[in-house]
Amino acid sequence: MCGIVAYTGKLNAQDVILNGLSKLEYRGYDSAGISVISNGEIKSLKRQGKIKILEEALEKNPLKSHIGIGHVRWATHGVPNETNAHPQISMNGKFSLVHNGIIENYLELKNMLEAEGYVFKSQTDTEVIPMLIEKFYEGDLLKAVEKTIGLIRGAYAFAVLSSDEENRLIAVKHSSPLVGGVFEDGIILASDVTSVISHSKKIIYFEEDDIIDVNNGDYTIYNKGKIIDRPFKETKMSLEEASKENYPHFLLKEIHEQGKVLQEGLSIRIKNNKIDLGEGAFSSSDLKKFKKIYAVACGTAYHACLAIKYAMEKLLRLPVTCEVASEFKYEDYFVDENSLVLVVSQSGETADTISAIRKAKDLGATTLSITNVLGSTISRITDRVMYCYCGPEISVASTKAYTSQIIAGYLLAIDMALKLDKISDDEVQKYIEEIKKIPAKIDEILKDEEDYKKIADEIKLAKSIFYTGRGLDFVTAKEGALKLKEISYIHAEAFQAGELKHGPLALIEKDTPVISIATQNHTMEKTASNNEELMARGAKVYALGFKENNLLKASSLEFIGIPKTIDLFAPILAVVPLQVIAYYTSALLGNDVDKPRNLAKSVTVE
Ligand code: M6R
């Protein structure tokens, strides 16, 4: 996730900014850069890779100044390289800007500016902002910024310098975080408190649409044209606590981030109610070539493939074969030049998945990846790529990547179906309307966190826990079981509800916890009967379904109700309580939640 730092004061800006950036490292980034004003000019240095590389470059070419801005970038628009790294500079070189967030209407603004003669260097959405500021500048940076934010849409926190105003920096907060600290040696603004607390424990938390004008050592906050005051709040957070934004673990933070990051991802993928898959989009003639579709991945990403398979088969009426990547390499799956091989990987570096892609390519297939990391190996070696845009996932157990992978895959399926005339525009609109409601529904589910914690407390000492479901609910069951086992170390297994009586029922003892997922209308009654069979054998059945489902309430010990959505989208919501239950089970057992034993975040060996 991108992070910004801006400073002006008595200290050397380069040192304060580098220190501030280093505190944002935990957010994940792929490049870093800094700008200062020196002798009436903007001077900048940017490097791809770690902050250390930027630091070394600055040791050789120090940028001495009392004022500057810095950035760590997690690429969203454009690959990670020096040109796309921030600060982004305006065409005349007089305005330098760092940005955290996404400018949704950047393409239309870029087209407008290009028509007026502005020449862009980067592939970023950000570059339109300094260009607009240059266009509107008439000797007052604040006025130019105000005009600019009247045009841009999206989420942003940015800080900007102008070489014409050597003692001034302006920052704006709109839907992306921005905090500040005022201390004896200056004023620092940053994306999060981690960059501020080494200078000041008194923090200003800026609010929506605040514009902060730092001028000649003083600052003024404007909001909707009025000067306002924001209180300082004393923080007692340590650096480590601050990087988790007050959550005890990254996992819980990432679970809670889902509403926000899915919303951001959707704002990139859906424009004017139309799906825009960017580099991932196929034309109708490309699509007509595919006679077979394979979806290949490992672990949680494989479970995302299983959900995507349902969407593709339902919408495209084409069979989709799902396979775990470590098997795909060794087996014969009839892959040929008429095959599309879709691979899903959060890290983009999973060795098994990379091998599977190589095999698919050798067999002449077209490859498409859904991945979260721009510039990763998988994004580079597949023919096309769709990004998840869910920000860095630090906890080993995957949560927000999973839900964002399913959404990406679903949008792909809808786009393909429309292009192949399998569904109408009206149907697409219905899906779009519904998918846009998903982020808010996730936030709603998370309001019941205490109930899930109670369940975690009830199951934490169980020997085995079973998850059941049919069809798409079985996909959620598999993901719920994987989440629980990897962080709680309790034996957890998923079964198709209808398969129980063919063997697994023998495992049920008195009080064995069973989490039964039943969101799919066409199998609801059957699953409810299976729940009765389980309870008759002593199982403690926790049923998970859409709210107000009296049948499930009656056929379970406890009912976990989630907001209603269409059946196809249910896995995106139904997994969230299971993530929280897994989290609290692990935390209550005192496990190392973010780094479970024996596991790694990125599995780079086969
Ligand atoms: O980075 P990838 O998505 O390719 O990783 C695949 C699996 O290793 C990963 O999903 C793993 O199963 C997670 N620990 C699950 O939470």
# chains A, B, ... in the order shown; residues from 1 in each chain; ligands from 1
>>> closest_atom_pairs(of="chain A", to="ligand 1", cutoff="7 Å", atoms="only C-alpha atoms and all ligand atoms", output="CSV")
residue,atom,partner,partner_atom_place_in_ligand_line,distance
A:Ala297,CA,ligand 1,4 (O),6.4
A:Cys298,CA,ligand 1,6 (C),4.5
A:Gly299,CA,ligand 1,12 (O),3.3
A:Thr300,CA,ligand 1,10 (O),3.8
A:Ala301,CA,ligand 1,10 (O),4.9
A:Val344,CA,ligand 1,3 (O),6.4
A:Ser345,CA,ligand 1,3 (O),3.4
A:Gln346,CA,ligand 1,3 (O),3.6
A:Ser347,CA,ligand 1,1 (O),3.6
A:Gly348,CA,ligand 1,1 (O),5.7
A:Glu349,CA,ligand 1,1 (O),6.3
A:Thr350,CA,ligand 1,4 (O),4.6
A:Thr353,CA,ligand 1,4 (O),6.7
A:Val396,CA,ligand 1,14 (N),5.1
A:Ala397,CA,ligand 1,16 (O),3.4
A:Ser398,CA,ligand 1,16 (O),3.8
A:Thr399,CA,ligand 1,16 (O),6.8
A:Leu482,CA,ligand 1,15 (C),7.0
A:Lys483,CA,ligand 1,16 (O),5.9
A:Lys601,CA,ligand 1,14 (N),6.2
A:Ser602,CA,ligand 1,1 (O),5.4
A:Val603,CA,ligand 1,8 (O),5.8
>>> residues_around(residues="segment 304-321 of chain A", least_positions_apart="2", cutoff="7 Å", atoms="only C-alpha atoms", output="list in words")
Lys292, Ile293, Tyr294, Ala295, Val296, Thr300, Ala301, Tyr302, Glu323, Tyr402, Gln405, Ile406, Gly409, Tyr410, Ala413, Ile414, Ala417, Lys422, Leu472, Val475 and Leu568 of chain A
>>> closest_atom_pairs(of="segment 425-484 of chain A", to="segment 511-522 of chain A", cutoff="8 Å", atoms="only C-alpha atoms", output="JSON lines")
{"residue": "A:Ile459", "atom": "CA", "partner": "A:Pro513", "partner_atom": "CA", "distance": 6.6}
{"residue": "A:Ala462", "atom": "CA", "partner": "A:Thr512", "partner_atom": "CA", "distance": 7.1}
{"residue": "A:Ser464", "atom": "CA", "partner": "A:Thr512", "partner_atom": "CA", "distance": 7.0}
{"residue": "A:Ile465", "atom": "CA", "partner": "A:Pro513", "partner_atom": "CA", "distance": 5.2}
{"residue": "A:Phe466", "atom": "CA", "partner": "A:Val514", "partner_atom": "CA", "distance": 4.7}
{"residue": "A:Tyr467", "atom": "CA", "partner": "A:Ile515", "partner_atom": "CA", "distance": 4.7}
{"residue": "A:Thr468", "atom": "CA", "partner": "A:Ser516", "partner_atom": "CA", "distance": 4.7}
{"residue": "A:Gly469", "atom": "CA", "partner": "A:Ile517", "partner_atom": "CA", "distance": 5.0}
{"residue": "A:Arg470", "atom": "CA", "partner": "A:Ala518", "partner_atom": "CA", "distance": 7.5}
{"residue": "A:Gly471", "atom": "CA", "partner": "A:Gln520", "partner_atom": "CA", "distance": 7.9}
{"residue": "A:Leu472", "atom": "CA", "partner": "A:Gln520", "partner_atom": "CA", "distance": 7.4}
{"residue": "A:Asp473", "atom": "CA", "partner": "A:Ile517", "partner_atom": "CA", "distance": 5.6}
{"residue": "A:Phe474", "atom": "CA", "partner": "A:Ile517", "partner_atom": "CA", "distance": 7.5}
{"residue": "A:Thr476", "atom": "CA", "partner": "A:Ile517", "partner_atom": "CA", "distance": 7.4}
{"residue": "A:Ala477", "atom": "CA", "partner": "A:Ile517", "partner_atom": "CA", "distance": 6.7}
>>> write_last_selection(atoms="N, CA, C and O atoms", output="CSV table (one decimal), in the first residue's frame")
chain,number,residue,atom,x,y,z
A,459,ILE,N,-15.3,-23.5,20.5
A,459,ILE,CA,-14.7,-24.6,19.7
A,459,ILE,C,-13.2,-24.8,19.9
A,459,ILE,O,-12.6,-25.7,19.4
A,462,ALA,N,-11.6,-28.2,20.7
A,462,ALA,CA,-12.1,-29.4,20.0
A,462,ALA,C,-10.9,-30.1,19.4
A,462,ALA,O,-9.9,-29.5,19.0
A,464,SER,N,-11.4,-32.1,16.6
A,464,SER,CA,-11.6,-32.0,15.2
A,464,SER,C,-12.8,-31.1,15.0
A,464,SER,O,-13.7,-31.1,15.8
A,465,ILE,N,-12.8,-30.3,13.9
A,465,ILE,CA,-13.9,-29.5,13.5
A,465,ILE,C,-14.2,-29.7,12.1
A,465,ILE,O,-13.3,-29.8,11.2
A,466,PHE,N,-15.5,-29.9,11.8
A,466,PHE,CA,-15.9,-30.2,10.4
A,466,PHE,C,-16.7,-29.0,9.8
A,466,PHE,O,-17.4,-28.4,10.5
A,467,TYR,N,-16.5,-28.9,8.5
A,467,TYR,CA,-17.2,-27.8,7.8
A,467,TYR,C,-17.9,-28.6,6.7
A,467,TYR,O,-17.4,-29.4,6.0
A,468,THR,N,-19.2,-28.2,6.5
A,468,THR,CA,-20.0,-28.9,5.4
A,468,THR,C,-20.7,-27.9,4.6
A,468,THR,O,-20.9,-26.7,5.0
A,469,GLY,N,-21.0,-28.3,3.4
A,469,GLY,CA,-21.8,-27.5,2.4
A,469,GLY,C,-21.9,-28.2,1.1
A,469,GLY,O,-21.3,-29.2,0.9
A,470,ARG,N,-22.8,-27.7,0.3
A,470,ARG,CA,-23.0,-28.3,-1.1
A,470,ARG,C,-22.7,-27.2,-2.1
A,470,ARG,O,-23.0,-26.0,-1.9
A,471,GLY,N,-22.1,-27.6,-3.2
A,471,GLY,CA,-21.9,-26.7,-4.3
A,471,GLY,C,-21.0,-25.6,-3.9
A,471,GLY,O,-19.9,-25.8,-3.3
A,472,LEU,N,-21.4,-24.3,-4.1
A,472,LEU,CA,-20.6,-23.2,-3.8
A,472,LEU,C,-20.3,-23.1,-2.2
A,472,LEU,O,-19.3,-22.6,-1.8
A,473,ASP,N,-21.3,-23.6,-1.5
A,473,ASP,CA,-21.1,-23.6,0.0
A,473,ASP,C,-20.0,-24.6,0.4
A,473,ASP,O,-19.3,-24.4,1.4
A,474,PHE,N,-19.7,-25.6,-0.4
A,474,PHE,CA,-18.6,-26.5,-0.1
A,474,PHE,C,-17.3,-25.8,-0.4
A,474,PHE,O,-16.3,-26.0,0.4
A,476,THR,N,-16.8,-22.7,0.2
A,476,THR,CA,-16.6,-21.9,1.5
A,476,THR,C,-16.2,-22.8,2.6
A,476,THR,O,-15.4,-22.4,3.4
A,477,ALA,N,-16.8,-24.0,2.7
A,477,ALA,CA,-16.4,-24.9,3.7
A,477,ALA,C,-14.9,-25.2,3.7
A,477,ALA,O,-14.2,-25.3,4.7
>>> closest_residue(among="A:Ile42, A:Ile89, A:Ala440, A:Ile275", to="Thr565 of chain A", atoms="only C-alpha atoms")
A:Ala440
>>> closest_residue(among="A:Val373, A:Ile67, A:Ala365, A:Ala587", to="Gly186 of chain A", atoms="only C-alpha atoms")
A:Ile67
>>> residues_around(residues="segment 209-226 of chain A", least_positions_apart="2", cutoff="9 Å", atoms="only C-alpha atoms", output="short mmCIF file (atom, residue, chain, number, x, y, z; two decimals) with C-alpha atoms, in the first residue's frame")
data_model
loop_
_atom_site.label_atom_id
_atom_site.label_comp_id
_atom_site.auth_asym_id
_atom_site.auth_seq_id
_atom_site.Cartn_x
_atom_site.Cartn_y
_atom_site.Cartn_z
CA THR A 8 9.23 21.14 6.65
CA GLY A 9 11.30 22.55 9.52
CA LEU A 142 -3.55 26.55 -2.48
CA VAL A 145 -4.88 22.59 -5.46
CA GLU A 146 -8.47 23.60 -4.75
CA GLU A 165 6.89 28.80 -3.14
CA GLU A 166 9.93 27.50 -1.31
CA ASN A 167 8.45 27.50 2.19
CA ARG A 168 5.11 25.94 1.45
CA LEU A 169 3.69 22.47 1.16
CA ILE A 170 0.07 21.51 0.78
CA ALA A 171 -1.59 18.22 1.59
CA VAL A 172 -5.13 16.97 1.04
CA LYS A 173 -7.05 14.08 2.57
CA HIS A 174 -9.97 12.45 0.77
CA SER A 175 -10.83 8.80 1.57
CA GLY A 186 9.01 21.22 12.34
CA ILE A 187 5.81 19.82 10.93
CA PHE A 206 -7.12 14.85 9.59
CA GLU A 207 -10.71 14.44 8.51
CA ILE A 228 -10.97 24.86 11.06
CA ASP A 229 -9.17 23.44 14.05
CA ARG A 230 -8.35 19.80 14.58
#
>>> closest_residue(among="A:Ile103, A:Leu189, A:Met131, A:Leu178", to="Arg153 of chain A", atoms="only C-alpha atoms")
A:Ile103
>>> closest_residue(among="A:Ala6, A:Asn92, A:Pro504, A:Ile378", to="Gly181 of chain A", atoms="only C-alpha atoms")
A:Ala6
>>> atom_distance(atom1="atom CA of Gln48 of chain A", atom2="atom CA of Asn81 of chain A")
5.3 Å
>>> residues_around(residues="Gly364 of chain A", least_positions_apart="6", cutoff="12 Å", atoms="only C-alpha atoms", output="number ranges by chain")
A: 290, 334-341, 357-358, 383
>>> residues_around(residues="Gln258 of chain A", least_positions_apart="4", cutoff="12 Å", atoms="only C-alpha atoms", output="VMD selection string")
chain A and resid 251 to 254 262 to 266 388 to 393 398 to 405 407 438 to 446 572 to 573 575 to 576 579
>>> atom_distance(atom1="atom CA of Gly180 of chain A", atom2="atom CA of Ile69 of chain A")
13.4 Å
>>> select_by_dssp(residues="segment 363-503 of chain A", states="helix (DSSP H, G or I)", output="short mmCIF file (atom, residue, chain, number, x, y, z; two decimals) with N, CA and C atoms, in the first residue's frame")
data_model
loop_
_atom_site.label_atom_id
_atom_site.label_comp_id
_atom_site.auth_asym_id
_atom_site.auth_seq_id
_atom_site.Cartn_x
_atom_site.Cartn_y
_atom_site.Cartn_z
N THR A 377 6.57 -12.42 -10.72
CA THR A 377 6.93 -13.36 -11.80
C THR A 377 5.68 -13.79 -12.56
N ILE A 378 4.64 -14.16 -11.84
CA ILE A 378 3.43 -14.67 -12.51
C ILE A 378 2.79 -13.58 -13.38
N SER A 379 2.81 -12.34 -12.90
CA SER A 379 2.23 -11.27 -13.73
C SER A 379 3.03 -11.09 -15.01
N ARG A 380 4.32 -11.41 -14.95
CA ARG A 380 5.17 -11.20 -16.14
C ARG A 380 5.12 -12.36 -17.11
N ILE A 381 4.97 -13.58 -16.61
CA ILE A 381 5.08 -14.72 -17.54
C ILE A 381 3.73 -15.16 -18.12
N LYS A 400 -8.07 -11.16 2.69
CA LYS A 400 -8.57 -10.16 1.73
C LYS A 400 -8.16 -10.51 0.30
N ALA A 401 -7.06 -11.25 0.15
CA ALA A 401 -6.68 -11.66 -1.21
C ALA A 401 -7.74 -12.62 -1.76
N TYR A 402 -8.22 -13.51 -0.90
CA TYR A 402 -9.22 -14.50 -1.34
C TYR A 402 -10.48 -13.82 -1.87
N THR A 403 -11.05 -12.92 -1.07
CA THR A 403 -12.30 -12.29 -1.51
C THR A 403 -12.05 -11.44 -2.76
N SER A 404 -10.89 -10.81 -2.84
CA SER A 404 -10.64 -9.98 -4.03
C SER A 404 -10.35 -10.85 -5.27
N GLN A 405 -9.78 -12.04 -5.05
CA GLN A 405 -9.57 -12.96 -6.19
C GLN A 405 -10.92 -13.42 -6.75
N ILE A 406 -11.84 -13.74 -5.84
CA ILE A 406 -13.16 -14.20 -6.33
C ILE A 406 -13.83 -13.08 -7.11
N ILE A 407 -13.77 -11.88 -6.57
CA ILE A 407 -14.42 -10.77 -7.29
C ILE A 407 -13.78 -10.58 -8.66
N ALA A 408 -12.46 -10.61 -8.72
CA ALA A 408 -11.79 -10.44 -10.02
C ALA A 408 -12.24 -11.53 -10.99
N GLY A 409 -12.26 -12.78 -10.51
CA GLY A 409 -12.66 -13.90 -11.36
C GLY A 409 -14.11 -13.80 -11.80
N TYR A 410 -14.97 -13.34 -10.92
CA TYR A 410 -16.38 -13.18 -11.27
C TYR A 410 -16.54 -12.09 -12.34
N LEU A 411 -15.83 -10.99 -12.17
CA LEU A 411 -15.94 -9.92 -13.17
C LEU A 411 -15.44 -10.42 -14.52
N LEU A 412 -14.39 -11.24 -14.47
CA LEU A 412 -13.88 -11.85 -15.71
C LEU A 412 -14.97 -12.70 -16.35
N ALA A 413 -15.61 -13.54 -15.54
CA ALA A 413 -16.65 -14.44 -16.06
C ALA A 413 -17.80 -13.63 -16.67
N ILE A 414 -18.21 -12.57 -15.99
CA ILE A 414 -19.33 -11.76 -16.49
C ILE A 414 -18.93 -11.10 -17.81
N ASP A 415 -17.71 -10.55 -17.85
CA ASP A 415 -17.23 -9.88 -19.06
C ASP A 415 -17.16 -10.86 -20.24
N MET A 416 -16.64 -12.07 -19.94
CA MET A 416 -16.53 -13.09 -21.01
C MET A 416 -17.92 -13.48 -21.51
N ALA A 417 -18.85 -13.68 -20.56
CA ALA A 417 -20.20 -14.11 -20.95
C ALA A 417 -20.88 -13.06 -21.81
N LEU A 418 -20.67 -11.80 -21.47
CA LEU A 418 -21.30 -10.72 -22.26
C LEU A 418 -20.71 -10.72 -23.67
N LYS A 419 -19.38 -10.83 -23.74
CA LYS A 419 -18.73 -10.78 -25.06
C LYS A 419 -19.08 -11.99 -25.92
N ASP A 425 -27.02 -7.39 -21.58
CA ASP A 425 -26.59 -6.19 -20.86
C ASP A 425 -27.36 -6.03 -19.55
N ASP A 426 -28.66 -6.32 -19.61
CA ASP A 426 -29.49 -6.17 -18.41
C ASP A 426 -29.01 -7.10 -17.29
N GLU A 427 -28.67 -8.33 -17.68
CA GLU A 427 -28.17 -9.26 -16.66
C GLU A 427 -26.86 -8.75 -16.06
N VAL A 428 -25.99 -8.21 -16.95
CA VAL A 428 -24.72 -7.67 -16.46
C VAL A 428 -25.00 -6.57 -15.45
N GLN A 429 -25.96 -5.70 -15.76
CA GLN A 429 -26.27 -4.59 -14.85
C GLN A 429 -26.71 -5.13 -13.49
N LYS A 430 -27.49 -6.22 -13.51
CA LYS A 430 -27.96 -6.79 -12.23
C LYS A 430 -26.77 -7.28 -11.40
N TYR A 431 -25.84 -7.96 -12.08
CA TYR A 431 -24.65 -8.44 -11.36
C TYR A 431 -23.84 -7.26 -10.82
N ILE A 432 -23.68 -6.24 -11.64
CA ILE A 432 -22.88 -5.08 -11.22
C ILE A 432 -23.54 -4.41 -10.00
N GLU A 433 -24.84 -4.22 -10.08
CA GLU A 433 -25.55 -3.59 -8.95
C GLU A 433 -25.31 -4.37 -7.67
N GLU A 434 -25.37 -5.70 -7.78
CA GLU A 434 -25.26 -6.54 -6.59
C GLU A 434 -23.82 -6.58 -6.07
N ILE A 435 -22.88 -6.66 -7.00
CA ILE A 435 -21.47 -6.79 -6.56
C ILE A 435 -21.02 -5.50 -5.87
N LYS A 436 -21.60 -4.39 -6.30
CA LYS A 436 -21.21 -3.11 -5.67
C LYS A 436 -21.66 -3.04 -4.21
N LYS A 437 -22.66 -3.86 -3.85
CA LYS A 437 -23.15 -3.83 -2.46
C LYS A 437 -22.31 -4.70 -1.52
N ILE A 438 -21.46 -5.54 -2.13
CA ILE A 438 -20.70 -6.51 -1.32
C ILE A 438 -19.82 -5.84 -0.25
N PRO A 439 -19.04 -4.80 -0.58
CA PRO A 439 -18.17 -4.22 0.46
C PRO A 439 -18.94 -3.76 1.70
N ALA A 440 -20.07 -3.11 1.51
CA ALA A 440 -20.84 -2.63 2.67
C ALA A 440 -21.39 -3.82 3.47
N LYS A 441 -21.73 -4.89 2.75
CA LYS A 441 -22.27 -6.07 3.46
C LYS A 441 -21.17 -6.74 4.29
N ILE A 442 -19.95 -6.70 3.79
CA ILE A 442 -18.84 -7.26 4.60
C ILE A 442 -18.68 -6.44 5.88
N ASP A 443 -18.75 -5.12 5.74
CA ASP A 443 -18.65 -4.28 6.95
C ASP A 443 -19.78 -4.62 7.93
N GLU A 444 -20.95 -4.89 7.38
CA GLU A 444 -22.10 -5.23 8.24
C GLU A 444 -21.82 -6.56 8.98
N ILE A 445 -21.29 -7.54 8.26
CA ILE A 445 -20.99 -8.84 8.88
C ILE A 445 -20.02 -8.67 10.05
N LEU A 446 -19.06 -7.78 9.84
CA LEU A 446 -18.01 -7.61 10.86
C LEU A 446 -18.53 -6.92 12.13
N GLU A 449 -18.77 -9.32 15.13
CA GLU A 449 -17.49 -9.94 15.51
C GLU A 449 -17.55 -10.64 16.88
N GLU A 450 -18.21 -10.01 17.84
CA GLU A 450 -18.25 -10.59 19.20
C GLU A 450 -18.94 -11.97 19.19
N ASP A 451 -19.96 -12.13 18.32
CA ASP A 451 -20.64 -13.44 18.24
C ASP A 451 -19.68 -14.50 17.71
N TYR A 452 -18.86 -14.12 16.73
CA TYR A 452 -17.92 -15.10 16.15
C TYR A 452 -16.83 -15.45 17.17
N LYS A 453 -16.48 -14.45 17.96
CA LYS A 453 -15.47 -14.68 19.00
C LYS A 453 -16.00 -15.70 20.02
N LYS A 454 -17.28 -15.57 20.32
CA LYS A 454 -17.91 -16.50 21.28
C LYS A 454 -17.85 -17.93 20.71
N ILE A 455 -18.12 -18.06 19.42
CA ILE A 455 -18.05 -19.40 18.81
C ILE A 455 -16.61 -19.93 18.88
N ALA A 456 -15.66 -19.05 18.61
CA ALA A 456 -14.25 -19.46 18.68
C ALA A 456 -13.92 -19.99 20.07
N ASP A 457 -14.46 -19.31 21.08
CA ASP A 457 -14.22 -19.74 22.45
C ASP A 457 -14.83 -21.12 22.70
N GLU A 458 -15.98 -21.37 22.08
CA GLU A 458 -16.65 -22.67 22.28
C GLU A 458 -15.92 -23.82 21.58
N ILE A 459 -15.25 -23.52 20.47
CA ILE A 459 -14.66 -24.62 19.69
C ILE A 459 -13.15 -24.79 19.91
N LEU A 472 -21.39 -24.32 -4.14
CA LEU A 472 -20.56 -23.16 -3.75
C LEU A 472 -20.32 -23.11 -2.25
N ASP A 473 -21.29 -23.64 -1.47
CA ASP A 473 -21.09 -23.64 -0.02
C ASP A 473 -19.96 -24.60 0.38
N PHE A 474 -19.74 -25.62 -0.43
CA PHE A 474 -18.62 -26.54 -0.14
C PHE A 474 -17.29 -25.81 -0.36
N VAL A 475 -17.26 -24.90 -1.34
CA VAL A 475 -16.04 -24.09 -1.56
C VAL A 475 -15.76 -23.28 -0.29
N THR A 476 -16.80 -22.65 0.24
CA THR A 476 -16.62 -21.86 1.47
C THR A 476 -16.20 -22.76 2.62
N ALA A 477 -16.78 -23.96 2.66
CA ALA A 477 -16.43 -24.90 3.73
C ALA A 477 -14.93 -25.24 3.66
N LYS A 478 -14.45 -25.47 2.44
CA LYS A 478 -13.02 -25.84 2.28
C LYS A 478 -12.13 -24.68 2.75
N GLU A 479 -12.50 -23.46 2.36
CA GLU A 479 -11.68 -22.31 2.75
C GLU A 479 -11.76 -22.08 4.26
N GLY A 480 -12.95 -22.26 4.83
CA GLY A 480 -13.10 -22.10 6.29
C GLY A 480 -12.23 -23.10 7.03
N ALA A 481 -12.21 -24.33 6.54
CA ALA A 481 -11.42 -25.38 7.21
C ALA A 481 -9.92 -25.10 7.08
N LEU A 482 -9.52 -24.66 5.89
CA LEU A 482 -8.08 -24.35 5.70
C LEU A 482 -7.66 -23.22 6.64
N LYS A 483 -8.51 -22.18 6.72
CA LYS A 483 -8.16 -21.04 7.57
C LYS A 483 -7.98 -21.49 9.01
N LEU A 484 -8.94 -22.30 9.47
CA LEU A 484 -8.87 -22.72 10.87
C LEU A 484 -7.64 -23.58 11.12
N LYS A 485 -7.40 -24.57 10.23
CA LYS A 485 -6.30 -25.50 10.54
C LYS A 485 -4.96 -24.79 10.50
N GLU A 486 -4.78 -23.86 9.55
CA GLU A 486 -3.44 -23.30 9.42
C GLU A 486 -3.06 -22.38 10.56
N ILE A 487 -4.03 -21.75 11.21
CA ILE A 487 -3.63 -20.85 12.30
C ILE A 487 -3.98 -21.35 13.70
N SER A 488 -4.94 -22.32 13.79
CA SER A 488 -5.28 -22.80 15.14
C SER A 488 -4.63 -24.15 15.43
N ALA A 497 -21.94 -31.87 2.16
CA ALA A 497 -22.94 -32.27 3.15
C ALA A 497 -23.58 -33.61 2.79
N GLY A 498 -23.78 -33.83 1.50
CA GLY A 498 -24.44 -35.07 1.06
C GLY A 498 -23.55 -36.29 1.19
N GLU A 499 -22.28 -36.10 1.36
CA GLU A 499 -21.33 -37.21 1.46
C GLU A 499 -21.19 -37.73 2.89
N LEU A 500 -21.69 -36.97 3.86
CA LEU A 500 -21.46 -37.33 5.26
C LEU A 500 -21.84 -38.77 5.55
N LYS A 501 -23.04 -39.13 5.09
CA LYS A 501 -23.54 -40.48 5.45
C LYS A 501 -22.80 -41.57 4.68
N HIS A 502 -21.93 -41.19 3.76
CA HIS A 502 -21.14 -42.20 3.04
C HIS A 502 -19.80 -42.46 3.73
#
>>> residues_around(residues="Lys110 of chain A", least_positions_apart="2", cutoff="9 Å", atoms="only C-alpha atoms", output="ChimeraX atom specification")
/A:105-108,112-115,118,120,125,127-128,131
>>> write_last_selection(atoms="N, CA and C atoms", output="PDB file, in the first residue's frame")
ATOM      1  N   ASN A 105     -10.965   8.761 -12.286  1.00  0.00           N
ATOM      2  CA  ASN A 105     -11.217   9.355 -13.609  1.00  0.00           C
ATOM      3  C   ASN A 105      -9.934   9.851 -14.271  1.00  0.00           C
ATOM      4  N   TYR A 106      -8.798   9.211 -13.943  1.00  0.00           N
ATOM      5  CA  TYR A 106      -7.528   9.741 -14.453  1.00  0.00           C
ATOM      6  C   TYR A 106      -7.443   9.687 -15.973  1.00  0.00           C
ATOM      7  N   LEU A 107      -8.073   8.655 -16.570  1.00  0.00           N
ATOM      8  CA  LEU A 107      -7.919   8.521 -18.035  1.00  0.00           C
ATOM      9  C   LEU A 107      -8.584   9.678 -18.770  1.00  0.00           C
ATOM     10  N   GLU A 108      -9.793  10.013 -18.304  1.00  0.00           N
ATOM     11  CA  GLU A 108     -10.470  11.120 -18.993  1.00  0.00           C
ATOM     12  C   GLU A 108      -9.711  12.431 -18.765  1.00  0.00           C
ATOM     13  N   MET A 112      -7.828  14.769 -21.622  1.00  0.00           N
ATOM     14  CA  MET A 112      -8.093  16.214 -21.716  1.00  0.00           C
ATOM     15  C   MET A 112      -6.773  16.997 -21.701  1.00  0.00           C
ATOM     16  N   LEU A 113      -5.884  16.619 -20.761  1.00  0.00           N
ATOM     17  CA  LEU A 113      -4.615  17.351 -20.636  1.00  0.00           C
ATOM     18  C   LEU A 113      -3.723  17.116 -21.857  1.00  0.00           C
ATOM     19  N   GLU A 114      -3.728  15.896 -22.365  1.00  0.00           N
ATOM     20  CA  GLU A 114      -2.904  15.615 -23.557  1.00  0.00           C
ATOM     21  C   GLU A 114      -3.388  16.442 -24.742  1.00  0.00           C
ATOM     22  N   ALA A 115      -4.708  16.593 -24.836  1.00  0.00           N
ATOM     23  CA  ALA A 115      -5.265  17.398 -25.939  1.00  0.00           C
ATOM     24  C   ALA A 115      -4.810  18.851 -25.810  1.00  0.00           C
ATOM     25  N   TYR A 118      -0.158  18.704 -22.779  1.00  0.00           N
ATOM     26  CA  TYR A 118       0.646  18.154 -21.677  1.00  0.00           C
ATOM     27  C   TYR A 118       1.183  16.781 -22.072  1.00  0.00           C
ATOM     28  N   PHE A 120       2.816  13.274 -20.835  1.00  0.00           N
ATOM     29  CA  PHE A 120       2.945  12.421 -19.651  1.00  0.00           C
ATOM     30  C   PHE A 120       4.127  11.468 -19.816  1.00  0.00           C
ATOM     31  N   ASP A 125      -1.863   6.762 -12.501  1.00  0.00           N
ATOM     32  CA  ASP A 125      -3.053   7.623 -12.413  1.00  0.00           C
ATOM     33  C   ASP A 125      -2.673   8.953 -11.762  1.00  0.00           C
ATOM     34  N   GLU A 127      -0.118  10.994 -12.040  1.00  0.00           N
ATOM     35  CA  GLU A 127       0.554  12.074 -12.784  1.00  0.00           C
ATOM     36  C   GLU A 127      -0.422  13.180 -13.215  1.00  0.00           C
ATOM     37  N   VAL A 128      -1.717  12.828 -13.342  1.00  0.00           N
ATOM     38  CA  VAL A 128      -2.665  13.890 -13.737  1.00  0.00           C
ATOM     39  C   VAL A 128      -2.738  14.994 -12.666  1.00  0.00           C
ATOM     40  N   MET A 131      -0.016  17.658 -13.035  1.00  0.00           N
ATOM     41  CA  MET A 131      -0.284  18.339 -14.318  1.00  0.00           C
ATOM     42  C   MET A 131      -1.432  19.328 -14.166  1.00  0.00           C
TER      43      MET A 131
END
>>> closest_residue(among="A:Ser122, A:Asn100, A:Asn111, A:Gln88", to="Ser191 of chain A", atoms="only C-alpha atoms")
A:Asn100
